[in-house]
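So this one's start39.cif, mmCIF, C-alpha atoms:
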```cif
data_protein
#
loop_
_atom_site.group_PDB
_atom_site.id
_atom_site.type_symbol
_atom_site.label_atom_id
_atom_site.label_comp_id
_atom_site.auth_asym_id
_atom_site.auth_seq_id
_atom_site.Cartn_x
_atom_site.Cartn_y
_atom_site.Cartn_z
ATOM 1 C CA MET A 69 51.143 -148.783 -103.381
ATOM 2 C CA ASN A 70 51.634 -150.316 -99.948
ATOM 3 C CA THR A 71 53.994 -152.888 -98.624
ATOM 4 C CA ARG A 72 52.071 -154.428 -95.754
ATOM 5 C CA TYR A 73 48.968 -155.708 -97.557
ATOM 6 C CA PRO A 74 49.403 -156.209 -101.293
ATOM 7 C CA ALA A 75 46.378 -155.147 -103.305
ATOM 8 C CA PRO A 76 44.600 -157.657 -105.500
ATOM 9 C CA ALA A 77 45.042 -157.392 -109.248
ATOM 10 C CA LEU A 78 42.304 -155.480 -111.030
ATOM 11 C CA LEU A 79 41.460 -158.538 -113.142
ATOM 12 C CA ASP A 80 40.893 -160.628 -110.003
ATOM 13 C CA LEU A 81 38.244 -158.321 -108.532
ATOM 14 C CA PRO A 82 34.523 -159.158 -108.484
ATOM 15 C CA ASP A 83 32.769 -157.698 -111.522
ATOM 16 C CA ASP A 84 30.894 -154.952 -109.627
ATOM 17 C CA ILE A 85 34.057 -153.697 -107.938
ATOM 18 C CA LYS A 86 36.086 -153.953 -111.145
ATOM 19 C CA ALA A 87 33.449 -151.874 -112.969
ATOM 20 C CA LYS A 88 33.554 -149.150 -110.307
ATOM 21 C CA VAL A 89 37.358 -149.076 -110.279
ATOM 22 C CA LEU A 90 37.457 -148.778 -114.070
ATOM 23 C CA GLU A 91 34.882 -145.965 -113.898
ATOM 24 C CA VAL A 92 37.070 -144.079 -111.425
ATOM 25 C CA GLN A 93 40.146 -144.709 -113.583
ATOM 26 C CA GLU A 94 38.329 -143.327 -116.639
ATOM 27 C CA LYS A 95 37.343 -140.174 -114.770
ATOM 28 C CA ALA A 96 40.588 -139.548 -112.853
ATOM 29 C CA GLY A 97 43.097 -140.930 -115.333
ATOM 30 C CA PHE A 98 44.508 -143.309 -112.684
ATOM 31 C CA VAL A 99 43.263 -145.667 -109.963
ATOM 32 C CA PRO A 100 43.521 -144.127 -106.492
ATOM 33 C CA ASN A 101 45.316 -146.646 -104.290
ATOM 34 C CA VAL A 102 42.458 -146.853 -101.786
ATOM 35 C CA PHE A 103 40.216 -148.513 -104.380
ATOM 36 C CA LEU A 104 42.553 -151.460 -104.810
ATOM 37 C CA ALA A 105 43.885 -151.621 -101.247
ATOM 38 C CA LEU A 106 40.425 -152.080 -99.736
ATOM 39 C CA ALA A 107 39.304 -154.483 -102.485
ATOM 40 C CA ARG A 108 41.146 -157.323 -100.742
ATOM 41 C CA ARG A 109 37.910 -157.676 -98.758
ATOM 42 C CA PRO A 110 35.048 -157.165 -101.227
ATOM 43 C CA ALA A 111 32.184 -156.984 -98.699
ATOM 44 C CA GLU A 112 34.007 -154.320 -96.704
ATOM 45 C CA TRP A 113 34.901 -152.449 -99.924
ATOM 46 C CA ARG A 114 31.231 -152.300 -100.891
ATOM 47 C CA ALA A 115 30.165 -151.096 -97.435
ATOM 48 C CA PHE A 116 32.977 -148.534 -97.251
ATOM 49 C CA PHE A 117 32.283 -146.968 -100.627
ATOM 50 C CA ALA A 118 28.504 -147.059 -100.146
ATOM 51 C CA TYR A 119 28.857 -145.001 -96.966
ATOM 52 C CA HIS A 120 31.536 -142.805 -98.549
ATOM 53 C CA ASP A 121 29.220 -141.990 -101.445
ATOM 54 C CA ALA A 122 26.233 -141.440 -99.146
ATOM 55 C CA LEU A 123 28.223 -138.807 -97.255
ATOM 56 C CA MET A 124 30.358 -137.214 -99.926
ATOM 57 C CA LEU A 125 27.889 -137.199 -102.830
ATOM 58 C CA ARG A 126 24.752 -136.356 -100.843
ATOM 59 C CA GLU A 127 22.936 -133.717 -102.866
ATOM 60 C CA GLU A 128 20.574 -132.421 -100.201
ATOM 61 C CA SER A 129 23.436 -131.430 -97.891
ATOM 62 C CA GLY A 130 23.996 -127.848 -96.787
ATOM 63 C CA LEU A 131 27.721 -128.440 -97.307
ATOM 64 C CA SER A 132 29.415 -127.903 -100.645
ATOM 65 C CA LYS A 133 31.655 -130.613 -102.079
ATOM 66 C CA GLY A 134 34.633 -128.391 -101.302
ATOM 67 C CA GLU A 135 33.548 -127.982 -97.685
ATOM 68 C CA ARG A 136 33.207 -131.752 -97.305
ATOM 69 C CA GLU A 137 36.738 -132.206 -98.639
ATOM 70 C CA MET A 138 37.920 -129.439 -96.303
ATOM 71 C CA ILE A 139 36.579 -131.440 -93.343
ATOM 72 C CA VAL A 140 38.328 -134.580 -94.585
ATOM 73 C CA THR A 141 41.660 -132.819 -95.144
ATOM 74 C CA THR A 142 41.635 -130.994 -91.813
ATOM 75 C CA THR A 143 40.612 -133.942 -89.648
ATOM 76 C CA SER A 144 42.865 -136.348 -91.561
ATOM 77 C CA ALA A 145 45.792 -134.061 -90.755
ATOM 78 C CA ALA A 146 44.825 -134.194 -87.076
ATOM 79 C CA ASN A 147 44.830 -137.994 -87.398
ATOM 80 C CA HIS A 148 48.224 -137.919 -89.180
ATOM 81 C CA CYS A 149 46.908 -139.746 -92.246
ATOM 82 C CA LEU A 150 49.247 -139.077 -95.143
ATOM 83 C CA TYR A 151 47.061 -140.820 -97.728
ATOM 84 C CA CYS A 152 43.877 -138.881 -96.934
ATOM 85 C CA VAL A 153 45.570 -135.498 -96.501
ATOM 86 C CA VAL A 154 47.270 -135.789 -99.890
ATOM 87 C CA ALA A 155 44.366 -137.402 -101.794
ATOM 88 C CA HIS A 156 41.544 -135.312 -100.355
ATOM 89 C CA GLY A 157 43.717 -132.202 -100.320
ATOM 90 C CA ALA A 158 44.028 -132.610 -104.088
ATOM 91 C CA ILE A 159 40.262 -132.873 -104.483
ATOM 92 C CA LEU A 160 39.799 -129.874 -102.159
ATOM 93 C CA ARG A 161 42.129 -127.739 -104.296
ATOM 94 C CA ILE A 162 40.114 -128.613 -107.374
ATOM 95 C CA TYR A 163 36.678 -127.965 -105.835
ATOM 96 C CA GLU A 164 37.679 -124.704 -104.156
ATOM 97 C CA LYS A 165 39.895 -123.543 -107.062
ATOM 98 C CA LYS A 166 42.471 -122.407 -104.485
ATOM 99 C CA PRO A 167 45.902 -124.053 -104.847
ATOM 100 C CA GLN A 168 46.997 -123.203 -101.268
ATOM 101 C CA VAL A 169 43.864 -124.064 -99.299
ATOM 102 C CA ALA A 170 44.571 -127.756 -98.716
ATOM 103 C CA ASP A 171 48.049 -127.096 -97.368
ATOM 104 C CA GLN A 172 46.708 -124.315 -95.172
ATOM 105 C CA VAL A 173 43.890 -126.318 -93.585
ATOM 106 C CA ALA A 174 46.102 -129.376 -93.153
ATOM 107 C CA VAL A 175 48.700 -127.383 -91.212
ATOM 108 C CA ASN A 176 46.492 -124.889 -89.337
ATOM 109 C CA TYR A 177 42.947 -124.228 -90.499
ATOM 110 C CA ARG A 178 42.693 -121.289 -88.084
ATOM 111 C CA LYS A 179 45.226 -119.398 -90.254
ATOM 112 C CA ALA A 180 43.838 -120.601 -93.598
ATOM 113 C CA ASP A 181 42.249 -118.390 -96.240
ATOM 114 C CA ILE A 182 38.725 -119.656 -95.558
ATOM 115 C CA SER A 183 35.451 -117.972 -94.655
ATOM 116 C CA PRO A 184 34.255 -117.517 -91.061
ATOM 117 C CA ARG A 185 31.495 -120.040 -91.882
ATOM 118 C CA GLN A 186 34.070 -122.629 -92.959
ATOM 119 C CA ARG A 187 36.151 -121.970 -89.854
ATOM 120 C CA ALA A 188 33.098 -122.594 -87.642
ATOM 121 C CA MET A 189 32.479 -125.817 -89.578
ATOM 122 C CA LEU A 190 36.076 -126.931 -89.034
ATOM 123 C CA ASP A 191 35.991 -125.951 -85.347
ATOM 124 C CA PHE A 192 33.030 -128.305 -84.971
ATOM 125 C CA ALA A 193 34.665 -131.062 -87.047
ATOM 126 C CA MET A 194 37.852 -130.871 -85.012
ATOM 127 C CA LYS A 195 35.904 -131.145 -81.770
ATOM 128 C CA VAL A 196 34.149 -134.235 -83.150
ATOM 129 C CA CYS A 197 37.548 -135.574 -84.235
ATOM 130 C CA LEU A 198 39.440 -134.948 -81.010
ATOM 131 C CA GLN A 199 36.886 -134.480 -78.213
ATOM 132 C CA SER A 200 33.481 -135.766 -79.299
ATOM 133 C CA ASP A 201 32.627 -136.576 -75.695
ATOM 134 C CA ALA A 202 32.915 -132.867 -74.841
ATOM 135 C CA LEU A 203 30.426 -131.580 -77.442
ATOM 136 C CA GLU A 204 27.777 -129.338 -75.922
ATOM 137 C CA ASP A 205 24.968 -127.031 -76.957
ATOM 138 C CA ALA A 206 27.392 -124.109 -77.411
ATOM 139 C CA ASP A 207 29.177 -126.039 -80.177
ATOM 140 C CA PHE A 208 25.904 -126.392 -82.076
ATOM 141 C CA GLU A 209 25.004 -122.745 -81.409
ATOM 142 C CA ALA A 210 28.302 -121.686 -83.000
ATOM 143 C CA LEU A 211 27.271 -123.579 -86.149
ATOM 144 C CA TYR A 212 23.758 -122.098 -86.148
ATOM 145 C CA ALA A 213 25.265 -118.588 -85.998
ATOM 146 C CA HIS A 214 26.802 -119.290 -89.416
ATOM 147 C CA GLY A 215 23.656 -120.649 -91.029
ATOM 148 C CA PHE A 216 24.207 -124.356 -90.401
ATOM 149 C CA ASN A 217 21.331 -126.511 -89.160
ATOM 150 C CA ASP A 218 21.093 -129.835 -87.317
ATOM 151 C CA GLU A 219 21.348 -131.857 -90.541
ATOM 152 C CA ASP A 220 24.517 -129.976 -91.467
ATOM 153 C CA ALA A 221 25.946 -130.750 -88.018
ATOM 154 C CA TRP A 222 25.150 -134.417 -88.634
ATOM 155 C CA ASP A 223 26.941 -134.251 -92.001
ATOM 156 C CA ILE A 224 30.018 -132.650 -90.424
ATOM 157 C CA ALA A 225 30.114 -135.258 -87.660
ATOM 158 C CA ALA A 226 29.460 -138.213 -89.972
ATOM 159 C CA ILE A 227 32.170 -137.151 -92.434
ATOM 160 C CA THR A 228 34.621 -136.652 -89.574
ATOM 161 C CA ALA A 229 33.788 -140.028 -88.030
ATOM 162 C CA PHE A 230 33.839 -141.940 -91.310
ATOM 163 C CA PHE A 231 37.205 -140.545 -92.260
ATOM 164 C CA GLY A 232 38.503 -141.368 -88.783
ATOM 165 C CA LEU A 233 37.946 -144.984 -89.841
ATOM 166 C CA SER A 234 39.463 -144.350 -93.252
ATOM 167 C CA ASN A 235 42.500 -142.596 -91.727
ATOM 168 C CA ARG A 236 43.188 -145.477 -89.404
ATOM 169 C CA MET A 237 42.861 -148.129 -92.115
ATOM 170 C CA ALA A 238 45.111 -146.181 -94.488
ATOM 171 C CA SER A 239 47.759 -145.655 -91.809
ATOM 172 C CA PHE A 240 47.533 -149.206 -90.452
ATOM 173 C CA SER A 241 47.867 -150.763 -93.891
ATOM 174 C CA GLY A 242 50.728 -148.529 -95.035
ATOM 175 C CA MET A 243 48.687 -147.077 -97.906
ATOM 176 C CA GLN A 244 50.617 -144.426 -99.839
ATOM 177 C CA PRO A 245 49.154 -141.592 -101.916
ATOM 178 C CA ASN A 246 49.352 -141.936 -105.678
ATOM 179 C CA PRO A 247 51.998 -139.596 -107.138
ATOM 180 C CA GLU A 248 49.282 -137.962 -109.292
ATOM 181 C CA PHE A 249 47.591 -136.487 -106.205
ATOM 182 C CA TYR A 250 50.548 -134.288 -105.291
ATOM 183 C CA LEU A 251 50.191 -132.019 -108.331
ATOM 184 C CA MET A 252 46.415 -132.044 -108.815
ATOM 185 C CA GLY A 253 44.839 -128.615 -108.483
ATOM 186 C CA ARG A 254 48.124 -126.814 -107.915
ATOM 187 C CA VAL A 255 48.590 -125.535 -111.453
ATOM 188 C CA PRO A 256 45.970 -124.870 -114.127
ATOM 189 C CA LYS A 257 45.228 -127.775 -116.446
ATOM 190 C CA GLN A 258 46.726 -127.531 -119.914
ATOM 191 C CA LYS A 259 44.021 -127.067 -122.521
#
```
Output the file's structure as structure tokens, nothing else.
Amino acid sequence: MNTRYPAPALLDLPDDIKAKVLEVQEKAGFVPNVFLALARRPAEWRAFFAYHDALMLREESGLSKGEREMIVTTTSAANHCLYCVVAHGAILRIYEKKPQVADQVAVNYRKADISPRQRAMLDFAMKVCLQSDALEDADFEALYAHGFNDEDAWDIAAITAFFGLSNRMASFSGMQPNPEFYLMGRVPKQK
């Protein structure tokens, strides 16, 4: 998984964290490395995944699950985070049902097969990612022109900022993507 900070054994985790990890394993068929890597500090694990879930599972958002993953994949590529690009790219492919989209947005979202609305969303996310101090009213107006509102702008910014933290922790710790992520969503599932 990673060489710098060995992950704790599943059996050694606090019961609440162990239960969540087993739930993820049941759903995904494997344990994404981030769940064990961050579990070395249980209080931080709980805070991290609570905020993750608040952002990524928020039902009253104007962003689809695929659009949220698109933000993560695009900004994680800008931050050179291998783990997040590969892991969230896999989830993006599944949500959008487009095998090429994750690779496209990770390399150059401006050339990707996405809607004008999604491009405006990613323009805003990239400005938050790379130049948040330069945001101005025109950046918000560009979102409004595509049907986004102020709460959507908050979601885009919060997802970008949260994954900036995630990207840095994954890179710093040497976290590697699980092999399973590389193939997810690229070919139809066997029935």
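The residue that comes closest to Val173 in chain A, out of A:Ala158, A:Val196, A:Ile139, A:Cys152 and on the basis of all atoms listed in the file, is A:Ile139.
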Suppose a student applies the PyMOL selection byres ((chain A and resi 180) around 12) to this structure; what residues should they get, written as a PyMOL selection string?
chain A and resi 138+142+166-179+181-184+186-187+190
Contacts of range 223-227 of chain A at 9 Å (all atoms listed in the file; same-chain gap of 4+ positions) as a PDB file with C-alpha atoms, keeping the file's coordinate frame:
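Here's the written file result15.pdb:
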```pdb
ATOM      1  CA  HIS A 120      31.536-142.805 -98.549  1.00  0.00           C
ATOM      2  CA  LEU A 123      28.223-138.807 -97.255  1.00  0.00           C
ATOM      3  CA  MET A 124      30.358-137.214 -99.926  1.00  0.00           C
ATOM      4  CA  SER A 129      23.436-131.430 -97.891  1.00  0.00           C
ATOM      5  CA  GLY A 130      23.996-127.848 -96.787  1.00  0.00           C
ATOM      6  CA  LEU A 131      27.721-128.440 -97.307  1.00  0.00           C
ATOM      7  CA  ARG A 136      33.207-131.752 -97.305  1.00  0.00           C
ATOM      8  CA  ILE A 139      36.579-131.440 -93.343  1.00  0.00           C
ATOM      9  CA  VAL A 140      38.328-134.580 -94.585  1.00  0.00           C
ATOM     10  CA  MET A 189      32.479-125.817 -89.578  1.00  0.00           C
ATOM     11  CA  LEU A 190      36.076-126.931 -89.034  1.00  0.00           C
ATOM     12  CA  PHE A 192      33.030-128.305 -84.971  1.00  0.00           C
ATOM     13  CA  ALA A 193      34.665-131.062 -87.047  1.00  0.00           C
ATOM     14  CA  VAL A 196      34.149-134.235 -83.150  1.00  0.00           C
ATOM     15  CA  CYS A 197      37.548-135.574 -84.235  1.00  0.00           C
ATOM     16  CA  ASP A 218      21.093-129.835 -87.317  1.00  0.00           C
ATOM     17  CA  GLU A 219      21.348-131.857 -90.541  1.00  0.00           C
ATOM     18  CA  PHE A 231      37.205-140.545 -92.260  1.00  0.00           C
ATOM     19  CA  GLY A 232      38.503-141.368 -88.783  1.00  0.00           C
TER      20      GLY A 232
END
```
List the neighbours of range 86-100 of chain A out to 8 Å using all atoms listed in the file; skip same-chain residues closer than 6 positions along the sequence, and give me the result as a compact mmCIF listing (two decimals) with C-alpha atoms, in the coordinates of the input.
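And here is the file that came out, result-v3.txt:
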```
# COMPACT_ATOMS: atom_id res chain seq x y z
CA LEU A 78 42.30 -155.48 -111.03
CA LEU A 79 41.46 -158.54 -113.14
CA PRO A 245 49.15 -141.59 -101.92
CA ASN A 246 49.35 -141.94 -105.68
CA GLU A 248 49.28 -137.96 -109.29
```
Can you translate the PyMOL selection byres ((chain A and resi 77) around 10) into the concrete residues it hits in this file, as a PyMOL selection string?
chain A and resi 74-76+78-81+86+104-105+107-108
Provide the CA of Arg161 in chain A to CA of Thr143 in chain A distance in Å, to one decimal place.
16.0 Å
Residues matched by the PyMOL selection byres ((chain A and resi 238-242) around 12) as a PyMOL selection string
chain A and resi 69-75+101-106+108+144-145+147-155+231-237+243-245
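Atom to atom, CA of Thr228 in chain A and CA of Leu203 in chain A stand 13.8 Å apart.
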Please indicate the distance in Å from CA of Glu128 in chain A to CA of Trp222 in chain A, rounded to one decimal place.
12.6 Å
For Leu211 in chain A, which residue among A:Asp83, A:Ala188, A:Phe230, A:Gln199 is the nearest when counting all atoms listed in the file?
A:Ala188
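Counting only C-alpha atoms and comparing A:Gly157, A:Pro82, A:Pro110, A:Gly134, the residue that lies closest to Met252 in chain A is A:Gly157.
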